Every structure is written in C-alpha cells, then in structure tokens.
Amino acid sequence: IAIIGILLALLLPAVQQAREAARRTQCKNNLKQMGLALHNYHDSYLAFPPGLVSRLADPNWTMPPGGCTDAPEDLGPGWSFFARMLPYLEQANYYGTINFDVPLSDPSNEDARKTVISDYRCPSDPGPEIISIYDCGSPPSDANTPTVMLSGVASTSYVGSLGGAKVGGDPLYGCYEYQPFNGMFHRNVSVRLRDVTDGTSQTVGIGERHSGLVRSAWAGILPGQEVTFNFDMQPLPYNPSLPACQFWRPALVAVVAHSRQSSFNDNIGSTGQFYSPHPGGCHFLFMDGSARMLNEGINKQTMWALCTRNNGEVVPGDIF
C-alpha cells in the first residue's frame, strides 16, 4: 500500500501538468478560431466589428479637454463584437436568435444571452459559465451591497483590447470608452486592416481575462454600464465573496493595457486588466490571426505598445 501511495504521489503532478497543457492548448486554439472569425468578418464587411454598438443620449458629445465629466447617458443596446463574430464561429443558429435592436436584457434575448459559447470559454477558467450582472454603484465602496441588474448571462474568458496607455493620473482615462482610442475595439467604431499601421503581427486584438477574477459576459453590456475600469493602482487582494462588480466594475467588452502593479498571473492590482491562470504568462490573439503567450514579466511599456494599433512604437523582437 505504501508503495502504491508513493507511485500515486509521483504520478499525480505529471497527470496534472498534462491536463493543464491540454487546457492551455485549447485556450490558444480558441483565440486562433476568433482570429479566423475576425478576418472572415473583415472579408465580408471590409472592417472588423465594433467593440460594441450603443447609442449615447447626446451623439454630438465630445471629450472635454480637461477631463471626463458629465459623460452622456448610454442608451444601449450594447451588443459586443463577440456577438457579431458568432456566424463566423459556426454559431449562425445562435446568432439568428439575437435581436440586436434591443439590449441583451430584453425578454426576447433571454435564450441568446444564456447560451454558453465554448470558443469563448477557456477550460482553465475557474469561474461559472452563467453569471449575474450587478449595479456596483458609485463610489466603488458600494460594491459590497450591489443590486442584481440581470441574471442568467453566459460568461467569457476573454476581452478585447481598447488600447494601451499609462493611465495613472490621466484625467481622460474615464473617457476612453466614449471616444475612439488607439486599440482594436471601441464603441461604435469599426477598425479596418489599413488602420493597423503598427502591423497586425505587433497588435493585440483579444486577450485572456478569466472570470475567476472578474466576470464578463460575451453578449455585451447593459445600458448605463461602463466598459472600462477604474485605474486605481493599489494592490488589492482578490476577494471571491464580491459578486460581479468585483473591483470595480465588470469590463464586459474591452480593457486598456496600463501600468498594473502585478503580473498577468497575480490576483492583485487593478483587475481591469488581462489576466490568466496559466502559469508563466497570458494568451493573446494578434491581429495577424496568430495566438501567442506573453511572459508574465513583460515590460509595461512593451505591453502598452502591443495594445495600440497606430502609435508607431518599436516592439522588441525577443518578447515572443
């Protein structure tokens, strides 16, 4: 019996490593499939899908020069680029059930928003497949007593890149979700291949952000929800008891790569960032269709550069 126990102790780590390797491969393949879907979408529409489609109460509003104040009300519907990609992921039947004219909270969209899409879930993601969306309130301290805005929404393990910036102290950070920024996926903006002047092999489109840390829905956002995150840089330990406002608001569509104090694999720091449970790094889809893992110790300036499409930065060749 003792010998059997020793053998099991020796074999178990190897089995666990093999399983994680398989999960890591599947996660990477998910991103590759999304890359193919995005390029097929571009072939059809001569542009990539917008990050989300959502009307503002004041369509003529522009970002004030001194900071983001009095942003207009978001009227929805808020469907994301993940929803627009469905026909190109062999999910045309589910796509056909979506009423894009109304928010995902509309009763007519109940079946669509509850559909779990396997390509949008990493097998290593410890979070639930079905989540609730909460009103986290403002200030963030209200996150301890949130109100459920919508239950029964399928989650995703991935988010798009809104861009890259050193946002600490930037008064315009809160406006990135309202105005076109330097990444691939924005509100009501369809980026074309010719807009990616930094090169498609040097530009991140989608990355991991697992729902075990902060939950996201592939369908999109509800009217009035924010797309980006508060940029507080203090190291905040993950608290699984917090529901889906989870420090601070759920970035349901895209995130801005910024100067987070922790790595891709740490559950502290600004949670409005890319995050992966895979040891050593985080998987990303680049806009040439390739999926690559970036090392958890990547230089912050390099990460900002990879998440911009047209800033002209020179990216070191030894990061991959």
# chains A, B, ... in the order shown; residues from 1 in each chain; ligands from 1

$ residues_around --residues "Ser105 in chain A" --least-positions-apart "3" --cutoff "8 Å" --atoms "only C-alpha atoms" --output "list in words"
Asn109, Glu110, Leu150 and Leu222 of chain A

$ residues_around --residues "Ile133 in chain A" --least-positions-apart "3" --cutoff "7 Å" --atoms "only C-alpha atoms" --output "ChimeraX atom specification"
/A:148-151,244

$ closest_atom_pairs --of "range 27-120 of chain A" --to "range 128-132 of chain A" --cutoff "12 Å" --atoms "only C-alpha atoms" --output "JSON lines"
{"residue": "A:Ser105", "atom": "CA", "partner": "A:Ser132", "partner_atom": "CA", "distance": 11.3}
{"residue": "A:Arg113", "atom": "CA", "partner": "A:Ile130", "partner_atom": "CA", "distance": 9.6}
{"residue": "A:Lys114", "atom": "CA", "partner": "A:Ile130", "partner_atom": "CA", "distance": 7.1}
{"residue": "A:Thr115", "atom": "CA", "partner": "A:Ile130", "partner_atom": "CA", "distance": 8.7}
{"residue": "A:Val116", "atom": "CA", "partner": "A:Glu129", "partner_atom": "CA", "distance": 6.7}
{"residue": "A:Ile117", "atom": "CA", "partner": "A:Glu129", "partner_atom": "CA", "distance": 9.3}
{"residue": "A:Ser118", "atom": "CA", "partner": "A:Glu129", "partner_atom": "CA", "distance": 9.8}
{"residue": "A:Tyr120", "atom": "CA", "partner": "A:Glu129", "partner_atom": "CA", "distance": 10.1}

$ residues_around --residues "range 195-200 of chain A" --least-positions-apart "4" --cutoff "6 Å" --atoms "only C-alpha atoms" --output "list of chain:residue names"
A:Met287, A:Asp288, A:Arg309, A:Asn310, A:Gly312

$ write_last_selection --atoms "C-alpha atoms" --output "PDB file, in the first residue's frame"
ATOM      1  CA  MET A 287      -4.408  40.806 -35.485  1.00  0.00           C
ATOM      2  CA  ASP A 288      -2.499  38.678 -37.995  1.00  0.00           C
ATOM      3  CA  ARG A 309      -2.629  49.803 -33.398  1.00  0.00           C
ATOM      4  CA  ASN A 310      -1.221  53.074 -34.732  1.00  0.00           C
ATOM      5  CA  GLY A 312       4.382  53.725 -34.180  1.00  0.00           C
TER       6      GLY A 312
END

$ atom_distance --atom1 "CA of Ser155 in chain A" --atom2 "CA of Asp111 in chain A"
13.8 Å

$ closest_residue --among "A:Tyr94, A:Phe181, A:Phe286, A:Trp61" --to "His39 in chain A" --atoms "only C-alpha atoms"
A:Phe286

$ closest_residue --among "A:Val189, A:Met34, A:Cys27, A:Ala22" --to "Met293 in chain A" --atoms "only C-alpha atoms"
A:Cys27

$ select_by_dssp --residues "range 88-135 of chain A" --states "strand (DSSP E or B)" --output "list in words"
Ile130, Ile131, Ser132, Ile133, Tyr134 and Asp135 of chain A

$ residues_around --residues "Ser190 in chain A" --least-positions-apart "2" --cutoff "12 Å" --atoms "only C-alpha atoms" --output "list in words"
Leu38, Tyr41, His42, Tyr45, Leu46, Ala47, Phe48, Pro49, Pro50, Gly51, Leu52, Val53, Ser80, Phe81, Arg84, Pro180, Phe181, Gly183, Met184, Phe185, His186, Arg187, Asn188, Arg192, Leu193, Arg194, Asp195 and Val196 of chain A

$ closest_residue --among "A:Gln301, A:Ser157, A:Ser201, A:Asn60" --to "Ser216 in chain A" --atoms "only C-alpha atoms"
A:Ser157

$ closest_residue --among "A:Gln33, A:Ser44, A:Asp125, A:Phe82" --to "Glu20 in chain A" --atoms "only C-alpha atoms"
A:Asp125
